[in-house]
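Written out below as structure tokens is the structure these notes cover.
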Amino acid sequence: MGENLKVVRDATCTFCGCVCDDMHLTVDLDQKRIMKAENACILGKAWFREHGIEERPLALIGGRTATTEEAVEAAAQILAQARFPLIYGLSDTTCEAQRVAVAIADMIGGTVDTTTSVCHGPSGIAFEGVGESTASLGEIKNRADLVVFWGGNPAEAHPRLFSRYAVTPKGMFIPNGRKDRTVVLVDVRRTPSTPAADIFIQVKPRSDFEVLWALRALVKGRKVDPSIERRTGVSLAVLEDLVARMKSCRFGVFLFGMGLTMNRGRHFNSGALLALATDLNEFTHWVAKPVRGHGNVTGADNVVSWQTGFPFGVNFSRGYPRFNPGEFTSVDLLTRREADAALIIASDPADNFPKAAIEHLRRIPVITLDPKATPTTQLAQVAFTTATYGINVSGTVYRMDDVPITLRPAFESPYPSDEQVLTAIRDRVRALLGGNRLPAGAPVAAAS
Amino acid sequence: MTLTLTLRTAPTVPLEADVLSPDRLSGVSALEAAKLTVVHGNQRADLGEFFQVGGAADGELHLTGDLAQVKQIGTGMARGRIVVHGSVGMHLGAGMTGGEIVVEGDAGDWVGPEMSGGRIVVKGNAGHMLGSARRGSQIGVRGGEIVVFGNAGNEVGNGMRRGLIAIGGDAGDFAGVNMLAGTIVVLGRLAWRAGAGMRRGSIISMHPAELLPTFSYACDYAPEFLRVCLRHVRGLGLTIADSHVNGRYQRWCGDGIELNRGEVLILDSAGTASRS
Amino acid sequence: MGSPLRIVNGRVYDPANGVNGAVQDVCVRDGKIVADVPPDAKRIDAAGMVVMPGGIDIHCHIAGPKVNLARKVQPETHQDDVQLRTRLTRSGTGGTVPSTFATGYRYATLGYTTAMEAAVTPLGARHTLEEFHDTPVLDKGFFVLVGNNLLLYRLLQEGRREELRHALAWWLKVTKAYAPKLVNPGGDEMWKGQRNANITSLDDKIGSFDLTPRRVIAAFIEAGNELGLPHPVHIHCNNLGHSGNVETTLETMRLAEGRRAHIAHIQFHSYGAAAGKSQSNPTSRARDIIEYINTHPNISADVGAVMFGPATIMTGDAPLAYMLRRFGGNKWVNADTENESGCGIVPFRYQDRVYTNALQWAIGLELLLLSEDPWRMVFSTDHPNGGSFMSYPRLIRLLMDRGYRKEQMAHVNQKALDRSALRDCQEREYSLSEIAIITRAGPARLLGLTDKGHLGVGADADVTIYEEDEDKEKMFSAPRYVIKDGELIIEDHELRADHQGRLLHVAPDYDPQIEQVIEPFFEDFYTIRFANYPVDDRYVPNGQIIPTTPSVAAAPATAGTRT
Ligand code: SF4
Ligand SMILES: [Zn+2]
């Protein structure tokens, strides 16, 4: 351990959507390492521990070392020339960087999409259909006496969701913490989260929708045939018991994960759950909350929404924002081989996209911004090394419940921030195009 | 004479050709048509850069080639006819109010979104969101007819309020979801969760289907309207057996979560419907 | 800041300086109105035109968490109403809740240069400022929600009035807010904590607190006035939208006891009930309201007029939005914010044939037509609650053109008109000067913005120039020129430049000891650290602090001051 130690109090962990802002970091400034992260969960500890400064070139062009300036020029040329460029990722960077990324998409007439389209995109679509009753995490801590987790494994993916927000903490109207809450877990299998629940309801795979639909019917006082058990693995008695609890609690909450959104039925699954929460408000107070994964995916939703009116999958080809998941979402348009260039920010699609989409990424010029080498940076034509948000860079991050938090970086990085690189690219593209690209056509009349 | 457009140069990125609508082209010569603006990715282009244009527009448009990358054909079309010898991309006949579109090949997602009149015939398969409401909107097809000879994807007729959708092959999940009224006929198989959230309207299936727990069996009958409807569908070119026309159907009411005034009709010879 | 500019030959309406249509020059330099500019300064010939200060919206909902939820939940309203990008300006989408860029540009194209976002949770302040960053042209500020704040409730419940004042000052300062806002005081606690109940009268007990809305409102009026805030307190009364709520509104105004208080969107609070039937259709009690305001100079209000067509109900009054959800076409959003607020959103449409909607429309006009002091009954639609800000020109025409008004009255539900007094105020037409007051000079004065709403030397050079037209809707829909901070933003009706407006906020002093009262509450009941809560200056690249004039010093809030 070096001599030059610093403590950063109330720093924020951006590893998952919990965005815990009570990290007390002990930083070795000589080693540029975080030695200790007080209050972090096991995932957070690993996140802080792993982020030292690696010896990587500032940028690579075609695999060769380059300066940031040269890479900015190369990136700007690619983006200015592209006819159907995709800007993707954005969930692991600051809102300040996201804002510039959307500006570039607008300027060049490209598509901007975020990792939402491969995680809670269905919840976004569901929200557009039925709305949502929701709450900040503190309301859950202070008031929720019935907590229902659906299709997620927080113990392993969002450890402090249990301890800081939703299960064990004491709150204003939950003076005894865990004792004052009933915790229900609904999933297709037992997971390390299961023991945290008072009631575990195991549903057959791909039958969440049927279970939710039956619950909605019961809440509305309609009859449900006992054959529901054959289809879903859940007996009518269990459902009736759950409905009785849901109607009689004081403040109920659904916390739902990708187990629900990413199985067959997708946005209808999320929609059914949101509608159930809405229905329950006839009887008592109910809210629902998608449990978001990446540190600032919620910020990305917000930034893209306030700038365009739509949360993700937004295309600017015609000079104004258009939204259509399936058409302007990354996996889809890459699989259809539509994009002719891609700017990937803080994301690794070459690792987690379907094969056909990755193959197309190999065909087109790709620009990446990432603190580390990844499969995507390896296929990139232009790869920037950037500083890590929350560790080296300040900025704004939105927690999964839309609460914005300002980051307190631990130590400086020799690399530029995403925001700095994107701003340089934007300015250079603007110079190349002489301002924003003029709209390619009038609005589509009566089109979708 | 008809205006004929033959794809000469395939677009490298999606091409938006909402200009390809008989009413917008009426009285236009081939030369003029070649100069019309299309949107190629983020830039303007002339129609003639991609299409060999011949004839003159008199209300009929013939397109030839693989147009899977060409979107928005027939947008807002009110009259006339488009025949496509090949496949087409997304948003075919979006918001169309009249006229007819015939596609010899396949069609992409979003055929006839929020159309209110006219007819779209797809001889091949169609993608998802056939005759559906736009995202966030509650009302889909308000009138007109869509006929697909092959299969269709998910969410056929989402939010449909009037009109007819007939599918010769299979329909994907959530056919007739949130339907307000209208008729959907599926000659092939209905996949999961048909009619979820439907208020009124009819979904007809010739095969056993698993229905949601909020649908309830009402009766067995041979409704007259169905006979008329199936004969009409036969007239549109789909293969309808006499046993379909004359058969008895199980009537399942739903969606119990909503008004419960919708129905799923399942051909009796198909065996008993099962609920999920 | 733009080059020096002289506007000549225009008829100038600057009521704050007693100028009523006189043809005189207006000179602009370095972002301010000046007495003179060099002879070679650029000239705008405003012959046949009307020159006014830039418009000021005293109460609208344009940025922040609830606005963004309302945007997201209505994609179908965006796709048919788009804002194309230009070489200089960003693209966006409209509907009743436009994207940030479209909001700024569209306000500017109506001649508005300042707008106040009227309801922001303290936790959402940072988000709101981020959206403001992307809302061009306008100067902006926001009112921060404090009327359902549980720590403030605790202080008040224990009679710790001094600490309440310090805590209020702290909250205003750390969030960079412009004014304190009360929304349905007590209602959110009933909603969140009492199985979706609501407050029905000023004397209801607020959930588990030993408090009533009456005590809460009186305390905040007192504290806001003692702090000498430029806009001491902005009140959304209890019982919004309910038949018979006029009594609650009158009682609320009486609670001010001569101190300054502003009542928001008062149209929604001016309803009577047919005798004996509280669940009955509302009637208009605009006369009682306006009589009270006419005779009580400490009270001001914005009207909250309604215009037929699409709207979005978007409010901190969560129980109200729940009540309206069946009109939302399946969509309803509720969003609770810990210790601070509730929020509800419902897409909505006002229809001229519907009794209640027609009555609301009539009451909005009635209030303005009966008002004797345009300086204290100013214009708003509570955008987008009563209708989009894009409907302002039509409402202005309804006020200025009685022939048009009569024509429109013929189209609406006549039973509703029977229950209003609109037919009795047929004669009155607003003058251009009065329009300048209710859309500019009045809001500026009520907000305490001394550099705005007028064209005197030293004022901000926010100027709008309209071409005179018999059709006032047309006239106010598209000014020929708009100057913001001395820069020509709109020329020949079109956007010619982009511009970043300022954030207007207050920074009242407080006793730093108060943080020792607040911090433990954060430890126990918030999920964000106390140290991470205040919004730092990076979120305000272009801020302006509007001074306060406290009547009491920021004395130490020690135990001795507790009662
Ligand atoms: S729960 Fe998530 S945000 Fe919190 S410390 Fe763990 S990994 Fe970090
Ligand atoms: Zn308001």
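Each chain of the structure tokens is named A, B, ... in the order shown, its residues numbered from 1; ligands are numbered from 1 in display order.
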Tell me the residues of chain A close to chain B, meaning within 7 Å using only C-alpha atoms, as a PDB file with N, CA, C and O atoms, in the first residue's frame.
```
ATOM      1  N   ARG A  83     -24.764   6.412 -43.835  1.00  0.00           N
ATOM      2  CA  ARG A  83     -26.160   6.697 -44.177  1.00  0.00           C
ATOM      3  C   ARG A  83     -27.148   6.138 -43.169  1.00  0.00           C
ATOM      4  O   ARG A  83     -28.268   6.605 -43.068  1.00  0.00           O
ATOM      5  N   PHE A  84     -26.742   5.125 -42.465  1.00  0.00           N
ATOM      6  CA  PHE A  84     -27.662   4.536 -41.484  1.00  0.00           C
ATOM      7  C   PHE A  84     -26.859   4.106 -40.254  1.00  0.00           C
ATOM      8  O   PHE A  84     -26.807   2.932 -39.903  1.00  0.00           O
ATOM      9  N   GLY A 109     -28.359  12.206 -38.315  1.00  0.00           N
ATOM     10  CA  GLY A 109     -29.520  11.475 -38.823  1.00  0.00           C
ATOM     11  C   GLY A 109     -29.341   9.976 -38.666  1.00  0.00           C
ATOM     12  O   GLY A 109     -29.584   9.203 -39.587  1.00  0.00           O
ATOM     13  N   GLY A 110     -28.911   9.581 -37.502  1.00  0.00           N
ATOM     14  CA  GLY A 110     -28.689   8.157 -37.238  1.00  0.00           C
ATOM     15  C   GLY A 110     -29.759   7.590 -36.316  1.00  0.00           C
ATOM     16  O   GLY A 110     -30.833   8.162 -36.158  1.00  0.00           O
ATOM     17  N   GLU A 128     -45.873   2.260 -22.054  1.00  0.00           N
ATOM     18  CA  GLU A 128     -46.565   3.079 -23.041  1.00  0.00           C
ATOM     19  C   GLU A 128     -47.996   2.617 -23.271  1.00  0.00           C
ATOM     20  O   GLU A 128     -48.818   3.370 -23.780  1.00  0.00           O
ATOM     21  N   GLY A 129     -48.282   1.380 -22.932  1.00  0.00           N
ATOM     22  CA  GLY A 129     -49.626   0.874 -23.123  1.00  0.00           C
ATOM     23  C   GLY A 129     -50.539   1.132 -21.936  1.00  0.00           C
ATOM     24  O   GLY A 129     -51.701   1.463 -22.106  1.00  0.00           O
ATOM     25  N   GLU A 210     -49.926 -16.084 -17.826  1.00  0.00           N
ATOM     26  CA  GLU A 210     -51.161 -16.739 -17.394  1.00  0.00           C
ATOM     27  C   GLU A 210     -51.387 -16.531 -15.896  1.00  0.00           C
ATOM     28  O   GLU A 210     -52.510 -16.288 -15.456  1.00  0.00           O
ATOM     29  N   ALA A 214     -54.487 -14.477 -14.396  1.00  0.00           N
ATOM     30  CA  ALA A 214     -55.404 -15.079 -13.429  1.00  0.00           C
ATOM     31  C   ALA A 214     -55.492 -14.218 -12.172  1.00  0.00           C
ATOM     32  O   ALA A 214     -56.575 -14.011 -11.614  1.00  0.00           O
ATOM     33  N   ARG A 216     -55.098 -11.010 -12.026  1.00  0.00           N
ATOM     34  CA  ARG A 216     -55.907  -9.827 -12.363  1.00  0.00           C
ATOM     35  C   ARG A 216     -57.391 -10.176 -12.299  1.00  0.00           C
ATOM     36  O   ARG A 216     -58.191  -9.405 -11.779  1.00  0.00           O
ATOM     37  N   ALA A 217     -57.736 -11.344 -12.846  1.00  0.00           N
ATOM     38  CA  ALA A 217     -59.140 -11.749 -12.836  1.00  0.00           C
ATOM     39  C   ALA A 217     -59.633 -11.900 -11.399  1.00  0.00           C
ATOM     40  O   ALA A 217     -60.717 -11.436 -11.045  1.00  0.00           O
ATOM     41  N   VAL A 224     -61.784 -17.962 -11.801  1.00  0.00           N
ATOM     42  CA  VAL A 224     -60.692 -18.576 -12.561  1.00  0.00           C
ATOM     43  C   VAL A 224     -60.806 -20.084 -12.395  1.00  0.00           C
ATOM     44  O   VAL A 224     -60.989 -20.586 -11.276  1.00  0.00           O
ATOM     45  N   ASP A 225     -60.711 -20.782 -13.496  1.00  0.00           N
ATOM     46  CA  ASP A 225     -60.863 -22.227 -13.479  1.00  0.00           C
ATOM     47  C   ASP A 225     -59.656 -22.890 -12.800  1.00  0.00           C
ATOM     48  O   ASP A 225     -58.525 -22.476 -13.013  1.00  0.00           O
ATOM     49  N   ILE A 228     -56.003 -23.814 -14.075  1.00  0.00           N
ATOM     50  CA  ILE A 228     -54.857 -22.907 -14.114  1.00  0.00           C
ATOM     51  C   ILE A 228     -53.606 -23.615 -13.591  1.00  0.00           C
ATOM     52  O   ILE A 228     -52.493 -23.353 -14.047  1.00  0.00           O
ATOM     53  N   ARG A 231     -51.631 -25.549 -16.261  1.00  0.00           N
ATOM     54  CA  ARG A 231     -50.880 -24.716 -17.196  1.00  0.00           C
ATOM     55  C   ARG A 231     -49.666 -24.056 -16.539  1.00  0.00           C
ATOM     56  O   ARG A 231     -48.616 -23.903 -17.133  1.00  0.00           O
ATOM     57  N   SER A 317     -33.386   9.558 -39.101  1.00  0.00           N
ATOM     58  CA  SER A 317     -33.106   9.629 -40.535  1.00  0.00           C
ATOM     59  C   SER A 317     -33.804  10.790 -41.221  1.00  0.00           C
ATOM     60  O   SER A 317     -33.240  11.450 -42.072  1.00  0.00           O
ATOM     61  N   ARG A 318     -35.042  10.983 -40.893  1.00  0.00           N
ATOM     62  CA  ARG A 318     -35.834  11.974 -41.616  1.00  0.00           C
ATOM     63  C   ARG A 318     -35.779  13.356 -40.999  1.00  0.00           C
ATOM     64  O   ARG A 318     -36.520  14.240 -41.409  1.00  0.00           O
ATOM     65  N   GLU A 338     -28.793  -3.646 -41.637  1.00  0.00           N
ATOM     66  CA  GLU A 338     -29.137  -2.310 -42.113  1.00  0.00           C
ATOM     67  C   GLU A 338     -28.085  -1.254 -41.791  1.00  0.00           C
ATOM     68  O   GLU A 338     -27.792  -0.395 -42.624  1.00  0.00           O
ATOM     69  N   ALA A 339     -27.548  -1.293 -40.582  1.00  0.00           N
ATOM     70  CA  ALA A 339     -26.607  -0.238 -40.192  1.00  0.00           C
ATOM     71  C   ALA A 339     -25.370  -0.286 -41.069  1.00  0.00           C
ATOM     72  O   ALA A 339     -24.908  -1.356 -41.456  1.00  0.00           O
ATOM     73  N   ALA A 440     -33.700  14.702 -44.365  1.00  0.00           N
ATOM     74  CA  ALA A 440     -33.707  14.044 -45.671  1.00  0.00           C
ATOM     75  C   ALA A 440     -35.094  14.025 -46.292  1.00  0.00           C
ATOM     76  O   ALA A 440     -35.240  13.783 -47.479  1.00  0.00           O
ATOM     77  N   GLY A 441     -36.103  14.269 -45.536  1.00  0.00           N
ATOM     78  CA  GLY A 441     -37.434  14.230 -46.119  1.00  0.00           C
ATOM     79  C   GLY A 441     -38.433  14.852 -45.181  1.00  0.00           C
ATOM     80  O   GLY A 441     -38.151  15.074 -44.012  1.00  0.00           O
ATOM     81  N   ALA A 445     -46.341  11.130 -43.830  1.00  0.00           N
ATOM     82  CA  ALA A 445     -47.746  11.423 -43.579  1.00  0.00           C
ATOM     83  C   ALA A 445     -48.455  10.166 -43.118  1.00  0.00           C
ATOM     84  O   ALA A 445     -48.328   9.114 -43.733  1.00  0.00           O
ATOM     85  N   ALA A 446     -49.163  10.285 -42.044  1.00  0.00           N
ATOM     86  CA  ALA A 446     -50.038   9.213 -41.558  1.00  0.00           C
ATOM     87  C   ALA A 446     -49.345   7.864 -41.469  1.00  0.00           C
ATOM     88  O   ALA A 446     -49.957   6.824 -41.596  1.00  0.00           O
ATOM     89  N   ALA A 447     -48.042   7.895 -41.306  1.00  0.00           N
ATOM     90  CA  ALA A 447     -47.325   6.623 -41.243  1.00  0.00           C
ATOM     91  C   ALA A 447     -47.094   6.239 -39.801  1.00  0.00           C
ATOM     92  O   ALA A 447     -47.315   7.010 -38.900  1.00  0.00           O
ATOM     93  N   SER A 448     -46.644   5.024 -39.615  1.00  0.00           N
ATOM     94  CA  SER A 448     -46.330   4.648 -38.254  1.00  0.00           C
ATOM     95  C   SER A 448     -44.840   4.597 -38.093  1.00  0.00           C
ATOM     96  O   SER A 448     -44.099   4.549 -39.030  1.00  0.00           O
TER      97      SER A 448
END
```
Test item: residues lying within 8 Å of ligand 2 with only C-alpha atoms and all ligand atoms, as a PDB file with N, CA and C atoms, in the first residue's frame:
```pdb
ATOM      1  N   HIS C  59     -46.743  29.507 -14.531  1.00  0.00           N
ATOM      2  CA  HIS C  59     -47.071  28.172 -14.006  1.00  0.00           C
ATOM      3  C   HIS C  59     -47.264  27.197 -15.160  1.00  0.00           C
ATOM      4  N   CYS C  60     -46.293  26.348 -15.356  1.00  0.00           N
ATOM      5  CA  CYS C  60     -46.418  25.334 -16.405  1.00  0.00           C
ATOM      6  C   CYS C  60     -45.594  24.122 -15.983  1.00  0.00           C
ATOM      7  N   HIS C  61     -45.740  23.044 -16.727  1.00  0.00           N
ATOM      8  CA  HIS C  61     -45.010  21.819 -16.402  1.00  0.00           C
ATOM      9  C   HIS C  61     -44.219  21.396 -17.628  1.00  0.00           C
ATOM     10  N   ALA C 118     -43.714  24.305 -12.431  1.00  0.00           N
ATOM     11  CA  ALA C 118     -44.447  24.591 -11.200  1.00  0.00           C
ATOM     12  C   ALA C 118     -44.472  23.474 -10.168  1.00  0.00           C
ATOM     13  N   ALA C 119     -43.855  22.339 -10.415  1.00  0.00           N
ATOM     14  CA  ALA C 119     -43.914  21.285  -9.402  1.00  0.00           C
ATOM     15  C   ALA C 119     -42.762  20.312  -9.574  1.00  0.00           C
ATOM     16  N   HIS C 236     -51.304  25.087  -4.581  1.00  0.00           N
ATOM     17  CA  HIS C 236     -52.327  24.295  -5.266  1.00  0.00           C
ATOM     18  C   HIS C 236     -53.219  23.795  -4.130  1.00  0.00           C
ATOM     19  N   ALA C 264     -52.565  28.783  -7.351  1.00  0.00           N
ATOM     20  CA  ALA C 264     -52.302  28.268  -8.698  1.00  0.00           C
ATOM     21  C   ALA C 264     -53.605  27.852  -9.380  1.00  0.00           C
ATOM     22  N   HIS C 265     -53.606  27.969 -10.691  1.00  0.00           N
ATOM     23  CA  HIS C 265     -54.691  27.482 -11.555  1.00  0.00           C
ATOM     24  C   HIS C 265     -56.040  27.507 -10.871  1.00  0.00           C
ATOM     25  N   MET C 314     -51.174  16.237 -15.139  1.00  0.00           N
ATOM     26  CA  MET C 314     -49.817  15.949 -14.672  1.00  0.00           C
ATOM     27  C   MET C 314     -49.663  16.733 -13.387  1.00  0.00           C
ATOM     28  N   THR C 315     -49.625  16.047 -12.264  1.00  0.00           N
ATOM     29  CA  THR C 315     -49.766  16.791 -11.016  1.00  0.00           C
ATOM     30  C   THR C 315     -49.118  16.086  -9.839  1.00  0.00           C
ATOM     31  N   ASP C 382     -51.986  26.128 -16.848  1.00  0.00           N
ATOM     32  CA  ASP C 382     -51.387  25.042 -16.099  1.00  0.00           C
ATOM     33  C   ASP C 382     -50.895  23.991 -17.110  1.00  0.00           C
ATOM     34  N   HIS C 383     -50.293  24.498 -18.188  1.00  0.00           N
ATOM     35  CA  HIS C 383     -49.830  23.607 -19.255  1.00  0.00           C
ATOM     36  C   HIS C 383     -49.169  22.380 -18.680  1.00  0.00           C
ATOM     37  N   ASN C 385     -52.043  20.797 -18.262  1.00  0.00           N
ATOM     38  CA  ASN C 385     -53.240  20.302 -17.573  1.00  0.00           C
ATOM     39  C   ASN C 385     -54.542  20.858 -18.146  1.00  0.00           C
TER      40      ASN C 385
END
```
| query | Could you state the separation of CA of Met116 (chain C) and CA of Asp57 (chain C) in Å, given to one decimal place? | reply | 6.1 Å
| query | If you run DSSP on the backbone, which residues of region 333-417 of chain C are strand (DSSP E), as JSON, numbers by chain? | reply | {"C": [333, 334, 335, 336, 344, 345, 346, 347, 348, 349, 350, 377, 378]}
Atoms kept (all heavy atoms) for selection, written as a CSV table (one decimal), in the first residue's frame:
```
chain,number,residue,atom,x,y,z
C,333,VAL,N,-50.4,6.9,-14.7
C,333,VAL,CA,-49.1,6.8,-14.0
C,333,VAL,C,-49.2,7.4,-12.6
C,333,VAL,O,-49.8,8.5,-12.4
C,333,VAL,CB,-48.0,7.6,-14.8
C,333,VAL,CG1,-46.7,7.6,-14.1
C,333,VAL,CG2,-47.9,7.1,-16.2
C,334,ASN,N,-48.6,6.7,-11.7
C,334,ASN,CA,-48.5,7.2,-10.3
C,334,ASN,C,-47.0,7.1,-10.0
C,334,ASN,O,-46.4,6.1,-10.3
C,334,ASN,CB,-49.4,6.4,-9.4
C,334,ASN,CG,-49.1,6.7,-8.0
C,334,ASN,OD1,-49.5,7.7,-7.5
C,334,ASN,ND2,-48.4,5.8,-7.3
C,335,ALA,N,-46.5,8.1,-9.3
C,335,ALA,CA,-45.1,8.0,-8.9
C,335,ALA,C,-44.9,8.6,-7.6
C,335,ALA,O,-45.0,9.9,-7.4
C,335,ALA,CB,-44.2,8.6,-10.0
C,336,ASP,N,-44.6,7.8,-6.6
C,336,ASP,CA,-44.4,8.4,-5.2
C,336,ASP,C,-42.9,8.7,-5.0
C,336,ASP,O,-42.0,7.9,-5.4
C,336,ASP,CB,-44.7,7.3,-4.2
C,336,ASP,CG,-46.1,6.7,-4.4
C,336,ASP,OD1,-47.0,7.4,-4.9
C,336,ASP,OD2,-46.3,5.5,-4.0
C,344,GLY,N,-49.2,12.2,-10.2
C,344,GLY,CA,-50.1,11.4,-11.1
C,344,GLY,C,-50.2,12.0,-12.5
C,344,GLY,O,-50.0,13.2,-12.6
C,345,ILE,N,-50.3,11.1,-13.4
C,345,ILE,CA,-50.4,11.5,-14.8
C,345,ILE,C,-51.5,10.8,-15.6
C,345,ILE,O,-51.6,9.5,-15.4
C,345,ILE,CB,-49.0,11.2,-15.5
C,345,ILE,CG1,-47.9,12.0,-14.8
C,345,ILE,CG2,-49.1,11.6,-17.0
C,345,ILE,CD1,-46.5,11.5,-15.1
C,346,VAL,N,-52.3,11.5,-16.3
C,346,VAL,CA,-53.4,10.9,-17.1
C,346,VAL,C,-53.5,11.6,-18.4
C,346,VAL,O,-53.7,12.8,-18.4
C,346,VAL,CB,-54.7,10.9,-16.3
C,346,VAL,CG1,-55.8,10.3,-17.2
C,346,VAL,CG2,-54.7,10.2,-15.0
C,347,PRO,N,-53.4,11.0,-19.5
C,347,PRO,CA,-53.7,11.6,-20.8
C,347,PRO,C,-55.2,12.1,-20.8
C,347,PRO,O,-56.1,11.3,-20.2
C,347,PRO,CB,-53.5,10.6,-21.9
C,347,PRO,CG,-52.6,9.6,-21.2
C,347,PRO,CD,-53.0,9.6,-19.8
C,348,PHE,N,-55.5,13.2,-21.3
C,348,PHE,CA,-56.9,13.7,-21.2
C,348,PHE,C,-57.3,14.5,-22.4
C,348,PHE,O,-56.4,14.9,-23.2
C,348,PHE,CB,-56.9,14.7,-20.0
C,348,PHE,CG,-58.3,15.0,-19.4
C,348,PHE,CD1,-58.9,14.0,-18.6
C,348,PHE,CD2,-58.9,16.2,-19.7
C,348,PHE,CE1,-60.2,14.3,-18.1
C,348,PHE,CE2,-60.2,16.4,-19.2
C,348,PHE,CZ,-60.8,15.5,-18.4
C,349,ARG,N,-58.6,14.7,-22.6
C,349,ARG,CA,-59.1,15.5,-23.7
C,349,ARG,C,-60.3,16.3,-23.2
C,349,ARG,O,-61.3,15.7,-22.7
C,349,ARG,CB,-59.4,14.6,-24.9
C,349,ARG,CG,-60.1,15.3,-26.1
C,349,ARG,CD,-60.3,14.4,-27.3
C,349,ARG,NE,-59.0,14.1,-27.9
C,349,ARG,CZ,-58.5,14.9,-28.9
C,349,ARG,NH1,-59.1,16.0,-29.2
C,349,ARG,NH2,-57.3,14.6,-29.4
C,350,TYR,N,-60.3,17.6,-23.4
C,350,TYR,CA,-61.4,18.4,-23.0
C,350,TYR,C,-62.3,18.5,-24.2
C,350,TYR,O,-61.9,18.8,-25.3
C,350,TYR,CB,-61.0,19.8,-22.6
C,350,TYR,CG,-60.2,19.9,-21.3
C,350,TYR,CD1,-58.8,19.9,-21.3
C,350,TYR,CD2,-60.9,19.9,-20.1
C,350,TYR,CE1,-58.1,19.9,-20.1
C,350,TYR,CE2,-60.2,20.0,-18.9
C,350,TYR,CZ,-58.8,20.0,-18.9
C,350,TYR,OH,-58.1,20.0,-17.7
C,377,MET,N,-54.4,38.6,-11.5
C,377,MET,CA,-55.1,37.4,-12.0
C,377,MET,C,-54.5,37.2,-13.4
C,377,MET,O,-54.9,37.8,-14.4
C,377,MET,CB,-56.6,37.7,-12.1
C,377,MET,CG,-57.4,36.5,-12.8
C,377,MET,SD,-57.3,34.9,-12.0
C,377,MET,CE,-58.4,35.1,-10.6
C,378,VAL,N,-53.5,36.4,-13.4
C,378,VAL,CA,-52.7,36.3,-14.6
C,378,VAL,C,-52.9,35.0,-15.4
C,378,VAL,O,-53.6,34.1,-14.9
C,378,VAL,CB,-51.1,36.5,-14.3
C,378,VAL,CG1,-50.9,37.8,-13.7
C,378,VAL,CG2,-50.6,35.3,-13.5
```
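Of the listed residues C:Leu129, C:Ile528, C:Ile217, C:Ile437, the one whose atoms come nearest to ligand 1 is C:Ile528, with distances taken using only C-alpha atoms and all ligand atoms.
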| request: May I have the residues within 10 Å of ligand 1, computed using only C-alpha atoms and all ligand atoms, as a ChimeraX atom specification? | output: /A:12-23,37-48,154-165,293-295,399
| Could you list, as number ranges by chain, every residue of chain A that has an atom within 7 Å of an atom of chain C, counting only C-alpha atoms? | A: 10, 21-22, 106, 127-139, 142, 171-172, 250, 284-285, 302, 305-311, 319-322, 403-406, 435-439
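Comparing A:Pro192, A:Gly52, A:Gly63, A:Gly271 by their smallest distance to Gln381 (chain A), the closest is A:Gly63 (using only C-alpha atoms).
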| Residue contacts of Glu251 (chain C) (10 Å, only C-alpha atoms) excluding same-chain residues fewer than 2 positions away, as a VMD selection string | chain C and resid 201 to 202 214 237 246 to 249 253 to 256
Those residues with C-alpha atoms, as a PDB file, in the first residue's frame please?
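File part26.pdb, as written:
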```pdb
ATOM      1  CA  SER C 201     -61.224  19.555   4.125  1.00  0.00           C
ATOM      2  CA  LEU C 202     -58.693  21.902   5.674  1.00  0.00           C
ATOM      3  CA  ARG C 214     -54.901  24.363   7.664  1.00  0.00           C
ATOM      4  CA  CYS C 237     -55.293  24.087  -2.894  1.00  0.00           C
ATOM      5  CA  VAL C 246     -64.772  26.924  -3.715  1.00  0.00           C
ATOM      6  CA  GLU C 247     -65.162  26.924   0.072  1.00  0.00           C
ATOM      7  CA  THR C 248     -61.783  25.279   0.523  1.00  0.00           C
ATOM      8  CA  THR C 249     -60.205  27.800  -1.820  1.00  0.00           C
ATOM      9  CA  MET C 253     -56.899  32.440   0.869  1.00  0.00           C
ATOM     10  CA  ARG C 254     -58.135  33.663   4.242  1.00  0.00           C
ATOM     11  CA  LEU C 255     -55.331  31.744   5.934  1.00  0.00           C
ATOM     12  CA  ALA C 256     -52.874  34.243   4.445  1.00  0.00           C
TER      13      ALA C 256
END
```
